[in-house]
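Some notes on the structure that comes next.
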Amino acid sequence: MDVKFGPDGALYICDWYNPIIGHYQASFRHPDRDKTHGRIWRVTAKGRALTQPPKLPDSSVPELLDHLKSSDRWTRRFAKRVLADRPTDQVTAALKEWTAQPGCSEHALIEALGVYQSHEFVATDLLARLCRAREPGARAYAAGVAGAWADRLPDPLALLRPLVADENARVRLQAVVACTYVPKPEAMEVAAIAADLPTDRFLNYALNQAVFALKAYWLPAFKAGKLNLENKSSRLGLLVRADGTSDTLQAVRDLLKSVRMDSAIRETYLRILVETGDANDLAAILSLSDPSLQARLLPALAADASARDLRPAGDLTAALRPLIASRNSELRAEVLRLAGVWKLEVFRADAENIARDGTASETVRRAAIEAIAGLGGERSNAILTVLAAPEEAVSIRSAAIAALCGFDLESAAEFASRSLARLNNGAAFDEIFSSFLRRQGGAAALAVALARRPLPKLAAEAGLRLMNAGGRRNDQLARVLAEAAGFKSEGKTVTAAEIAAFASEVRASGDARHGAEIFHRAELGCTACHTVNGQGGNVGPDLSALGTAQPVDFIIGAILDPQKEVKEGYMSVSVLMKDGEEFQGYQVRETSGELVLRDVLQNKEVRLRRDTIKETKQNGSVMPSGLADTLTRAEFRDLVRFLSELGKPR
């Protein structure tokens with residue numbers, strides 16, 4: 001029924017049972033209701049004496065403040081309760097001296113801030129100090145207090161601005177909520193900064209509520225073109241998507257009519273209008289006079305077709321016909337892709353002729369191949385088979401193989417094995433491997449084909465790198481590639497005793513300098529995912545201070561079994577589409593009809609319509625297991641030594 005810590009440090013549990021349900025369905029006067037039985041359990045730590053409850057009512061203010069450092073929650077709670085009843089001038093004067101003491105922990109400062117709150121005394125200096133605290137819990141608490149005191153602080157938004165962009169999601173959440181207590185349009189500007197960073201369902205909810213709570217202040221400023229969103233599409237998109245009302249969308253349309261609007265801002269507003277507007281808004285993009293701007297915006301129309309099942313109003317064939325003849329190759333390419341996405345059969349002959357035209361630019365030919373794949377059917381399969389032949393240029397061949405994966409995995413795998421045996425082109429390697437990794441059963445089909453034909457070391461290393469960096473580990477394909485690359489696994493320790501022994505070996509003889517070289521090996525993909533001292537990818541956690549935060553045995557275990565403990569905010573999602581395509585990455589946002597995912601393999605956001613999704617599941621860390629299987633024991637030892645020293649003074 002209830003759980004409380006007592007003044008003696010013990011845990012008290014109220015254990016009660018009644019044969020009659022305790023809610024309104026049964027009368028409290030029911031004769032079977034048991035009013036006499038029940039138990040209270042006291043749970044204590046074995047072999048440790050109970051604590052002596054302090055005599056709080058008789059304690060002085062300085063003594064009560066020292067009780068705020070107690071390890072017992074009960075003592076801290078009731079010390080604050082007694083302090084709340086003492087004279088405000090006495091408490092605040094003592095608090096100022098107490099918080100100035102050297103060595104006062106951030107946790108103690110949080111308790112002190114709570115005492116100030118109980119006296120409704122605005123302690124601006126202490127609040128600012130905790131807003132810069134090392135512990136994220138302290139910063140989160142400070143953000144909440146900044147919201148509560150917003151009407152009495154000289155500039156609450158100055159405190160909240162860095163907190164909405166904090167590295168910790170909980171801090172960002174509290175800061176966004178705090179912004180809603182500042183009745184100014186600038187509060188929405190500050191809260192919207194959080195939309196630039198990864199969000200979860202809690203942050204999304206808080207951001208949406210901030211849009212609603214502050215609408216009376218930000219909408220007039222937005223209509224007047226005075227809301228400063230720093231031309232960030234993430235922030236503008238937040239307002240339009242979260243509000244979802246016609247007046248906000250109409251404000252975007254009205255602002256676009258302004259001749260004074262900067263070209264970069266105009267493009268951002270057009271992009272948001274494409275993502276959230278109606279069929280008429282989409283049709284306006286097809287009639288833009290700037291070919292370069294049009295080329296940049298047309299991919300958003302393709303995304304609308306898959307994410308919202310929405311096309312521009314009007315005659316699409318008539319709208320695309322003059323664009324497909326444009327001298328701008330980028331625009332021609334995007335128009336061809338759209339013809340495939342919209343399945344405009346009338347453009348099939350154009351796409352086939354362009355795809356086979358050796359004089360056309362590679363950009364346009366590759367787009368024509370995508371269009372052919374989008375149109376589908378046996379005719380597309382036949383054309384792609386011809387274009388995947390060894391006689392074609394490398395980029396055309398790789399594009400055709402990638403497109404063929406959506407029709408016939410076995411044939412595509414056979415073409416891939418032949419091409420990979422002759423290629424030395426990194427971009428082509430990535431395109432071919434990623435096309436199979438994105439299809440259900442694709443990695444297995446490619447592994448079977450590659451096992452029958454020798455693979456160059458360069459291609460094998462490229463495949464391993466892409467699998468490791470993209471989190472799409474397939475054991476069957478990994479074995480084939482590792483053998484072709486010449487990597488021989490010596491096996492890795494798995495028991496706790498062996499990990500402890502290996503940790504000692506790392507500390508005794510590990511070579512951090514050599515470990516750094518191993519860390520930067522392309523085939524491992526470490527630098528594609530992790531940042532070290534400002535360099536590297538942002539898929540996984542920043543490792544710059546890893547050595548100061550985790551012991552050696554933890555680092556070993558995390559490499560051998562990445563799923564054992566996934567860092568908060570790095571739980572990936574795996575999505576299988578009904579057409580067999582697979583995506584894996586981090587959820588950006590979701591609505592009732594759409595899921596937006598940052599796909600790690602493609603390193604971009606993808607919008608997925610919910611009715612086209614077959615299965616969604618949490619996938620743990622994108623860091624694959626078996627990552628160190630290609631390392632010798634000595635190499636693995638040196639790698640761990642390098643990681644264990646990150647952040648430590650030399």
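Going by the structure tokens order, chains are called A, B, ..., each with residues numbered from 1, while ligands are numbered from 1 in the order shown.
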- request: Tell me which protein, DNA and RNA residues are within 10 Å of Arg161 in chain A, counting only C-alpha atoms, leaving out same-chain ones fewer than 3 positions away, and put them as an MDAnalysis selection string.
  value: chainID A and resid 156:158 164:166 172 175:176 179 187 189:194
Give me, as a PDB file with N, CA and C atoms, in the first residue's frame, all polymer residues having an atom no more than 12 Å from Glu392 in chain A, counting only C-alpha atoms and skipping those fewer than 2 positions away in the same chain.
```
ATOM      1  N   ALA A 355      18.593   6.259 -69.136  1.00  0.00           N
ATOM      2  CA  ALA A 355      19.429   5.310 -68.400  1.00  0.00           C
ATOM      3  C   ALA A 355      20.426   4.609 -69.315  1.00  0.00           C
ATOM      4  N   ARG A 356      20.043   4.405 -70.555  1.00  0.00           N
ATOM      5  CA  ARG A 356      20.941   3.697 -71.500  1.00  0.00           C
ATOM      6  C   ARG A 356      21.783   4.655 -72.335  1.00  0.00           C
ATOM      7  N   ASP A 357      21.596   5.950 -72.143  1.00  0.00           N
ATOM      8  CA  ASP A 357      22.315   6.948 -72.933  1.00  0.00           C
ATOM      9  C   ASP A 357      23.690   7.212 -72.319  1.00  0.00           C
ATOM     10  N   GLY A 358      24.716   6.696 -72.946  1.00  0.00           N
ATOM     11  CA  GLY A 358      26.072   6.844 -72.432  1.00  0.00           C
ATOM     12  C   GLY A 358      26.585   8.265 -72.470  1.00  0.00           C
ATOM     13  N   GLU A 362      26.121  11.187 -65.409  1.00  0.00           N
ATOM     14  CA  GLU A 362      25.903  10.070 -64.492  1.00  0.00           C
ATOM     15  C   GLU A 362      24.788  10.380 -63.502  1.00  0.00           C
ATOM     16  N   ARG A 365      21.535   9.764 -65.314  1.00  0.00           N
ATOM     17  CA  ARG A 365      21.360   8.341 -65.613  1.00  0.00           C
ATOM     18  C   ARG A 365      21.011   7.556 -64.352  1.00  0.00           C
ATOM     19  N   ARG A 366      21.673   7.867 -63.257  1.00  0.00           N
ATOM     20  CA  ARG A 366      21.390   7.164 -62.005  1.00  0.00           C
ATOM     21  C   ARG A 366      19.964   7.470 -61.519  1.00  0.00           C
ATOM     22  N   LEU A 384      17.061  -3.269 -65.656  1.00  0.00           N
ATOM     23  CA  LEU A 384      18.067  -3.185 -64.592  1.00  0.00           C
ATOM     24  C   LEU A 384      19.104  -4.289 -64.729  1.00  0.00           C
ATOM     25  N   THR A 385      18.682  -5.443 -65.178  1.00  0.00           N
ATOM     26  CA  THR A 385      19.619  -6.556 -65.384  1.00  0.00           C
ATOM     27  C   THR A 385      20.652  -6.202 -66.450  1.00  0.00           C
ATOM     28  N   VAL A 386      20.209  -5.526 -67.491  1.00  0.00           N
ATOM     29  CA  VAL A 386      21.134  -5.101 -68.553  1.00  0.00           C
ATOM     30  C   VAL A 386      22.108  -4.048 -68.023  1.00  0.00           C
ATOM     31  N   LEU A 387      21.599  -3.105 -67.243  1.00  0.00           N
ATOM     32  CA  LEU A 387      22.436  -2.021 -66.741  1.00  0.00           C
ATOM     33  C   LEU A 387      23.397  -2.476 -65.648  1.00  0.00           C
ATOM     34  N   ALA A 388      23.144  -3.633 -65.033  1.00  0.00           N
ATOM     35  CA  ALA A 388      24.030  -4.156 -63.995  1.00  0.00           C
ATOM     36  C   ALA A 388      25.192  -4.946 -64.570  1.00  0.00           C
ATOM     37  N   ALA A 389      25.251  -5.075 -65.888  1.00  0.00           N
ATOM     38  CA  ALA A 389      26.302  -5.854 -66.540  1.00  0.00           C
ATOM     39  C   ALA A 389      27.662  -5.179 -66.387  1.00  0.00           C
ATOM     40  N   PRO A 390      28.747  -5.957 -66.436  1.00  0.00           N
ATOM     41  CA  PRO A 390      30.107  -5.411 -66.232  1.00  0.00           C
ATOM     42  C   PRO A 390      30.514  -4.366 -67.265  1.00  0.00           C
ATOM     43  N   VAL A 394      31.044   2.171 -63.691  1.00  0.00           N
ATOM     44  CA  VAL A 394      30.965   1.693 -62.312  1.00  0.00           C
ATOM     45  C   VAL A 394      29.756   2.250 -61.580  1.00  0.00           C
ATOM     46  N   SER A 395      29.552   3.562 -61.627  1.00  0.00           N
ATOM     47  CA  SER A 395      28.455   4.160 -60.869  1.00  0.00           C
ATOM     48  C   SER A 395      27.094   3.728 -61.404  1.00  0.00           C
ATOM     49  N   ILE A 396      26.988   3.515 -62.720  1.00  0.00           N
ATOM     50  CA  ILE A 396      25.729   3.057 -63.317  1.00  0.00           C
ATOM     51  C   ILE A 396      25.470   1.617 -62.896  1.00  0.00           C
ATOM     52  N   ARG A 397      26.523   0.824 -62.923  1.00  0.00           N
ATOM     53  CA  ARG A 397      26.394  -0.583 -62.545  1.00  0.00           C
ATOM     54  C   ARG A 397      25.971  -0.717 -61.084  1.00  0.00           C
ATOM     55  N   SER A 398      26.613   0.052 -60.190  1.00  0.00           N
ATOM     56  CA  SER A 398      26.286  -0.057 -58.768  1.00  0.00           C
ATOM     57  C   SER A 398      24.860   0.422 -58.496  1.00  0.00           C
ATOM     58  N   ALA A 399      24.423   1.476 -59.209  1.00  0.00           N
ATOM     59  CA  ALA A 399      23.054   1.960 -59.040  1.00  0.00           C
ATOM     60  C   ALA A 399      22.044   0.917 -59.500  1.00  0.00           C
ATOM     61  N   ALA A 400      22.348   0.240 -60.603  1.00  0.00           N
ATOM     62  CA  ALA A 400      21.443  -0.789 -61.122  1.00  0.00           C
ATOM     63  C   ALA A 400      21.364  -1.980 -60.169  1.00  0.00           C
ATOM     64  N   ILE A 401      22.504  -2.371 -59.610  1.00  0.00           N
ATOM     65  CA  ILE A 401      22.512  -3.485 -58.653  1.00  0.00           C
ATOM     66  C   ILE A 401      21.700  -3.118 -57.416  1.00  0.00           C
ATOM     67  N   SER A 419      30.806  -7.705 -59.623  1.00  0.00           N
ATOM     68  CA  SER A 419      31.286  -6.324 -59.641  1.00  0.00           C
ATOM     69  C   SER A 419      32.294  -6.056 -58.533  1.00  0.00           C
TER      70      SER A 419
END
```
field: Which residue of A:Leu270, A:Asp611, A:Ala195, A:Met188 approaches Ala221 in chain A most closely, using only C-alpha atoms
entry: A:Met188
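Every protein or nucleic acid residue with an atom no more than 10 Å from Arg266 in chain A, counting only C-alpha atoms and leaving out same-chain residues fewer than 6 positions away, appears here: Asn231, Val252, Leu255, Leu256, Lys257, Ser258, Val259, Arg260 and Ile272 of chain A.
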How would the residues just chosen look if you wrote them out with N, CA and C atoms as a tab-separated table (two decimals), in the first residue's frame?
```tsv
chain	number	residue	atom	x	y	z
A	231	ASN	N	16.42	30.66	-38.51
A	231	ASN	CA	16.26	29.96	-39.79
A	231	ASN	C	16.54	28.46	-39.65
A	252	VAL	N	2.62	30.99	-42.56
A	252	VAL	CA	3.78	30.62	-43.38
A	252	VAL	C	3.54	31.03	-44.83
A	255	LEU	N	3.82	34.84	-45.12
A	255	LEU	CA	5.20	35.32	-45.01
A	255	LEU	C	5.98	35.06	-46.30
A	256	LEU	N	5.65	33.97	-47.00
A	256	LEU	CA	6.34	33.64	-48.24
A	256	LEU	C	6.02	34.66	-49.35
A	257	LYS	N	4.95	35.38	-49.20
A	257	LYS	CA	4.59	36.39	-50.20
A	257	LYS	C	5.41	37.67	-50.03
A	258	SER	N	6.13	37.77	-48.93
A	258	SER	CA	6.92	38.97	-48.67
A	258	SER	C	8.13	39.01	-49.58
A	259	VAL	N	8.31	40.10	-50.29
A	259	VAL	CA	9.45	40.24	-51.20
A	259	VAL	C	10.73	40.53	-50.44
A	260	ARG	N	10.61	40.90	-49.15
A	260	ARG	CA	11.79	41.26	-48.37
A	260	ARG	C	12.44	40.05	-47.70
A	272	ILE	N	9.18	23.69	-45.11
A	272	ILE	CA	8.19	23.37	-44.09
A	272	ILE	C	6.79	23.28	-44.69
```
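The space between CA of Val182 in chain A and CA of Ala150 in chain A spans 6.2 Å.
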- request: Between A:Ala339, A:Leu466, A:Leu109, A:Asp408, single out the one closest to Arg129 in chain A, counting only C-alpha atoms.
  value: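 Smallest separation from Arg129 in chain A among the options: A:Leu109.
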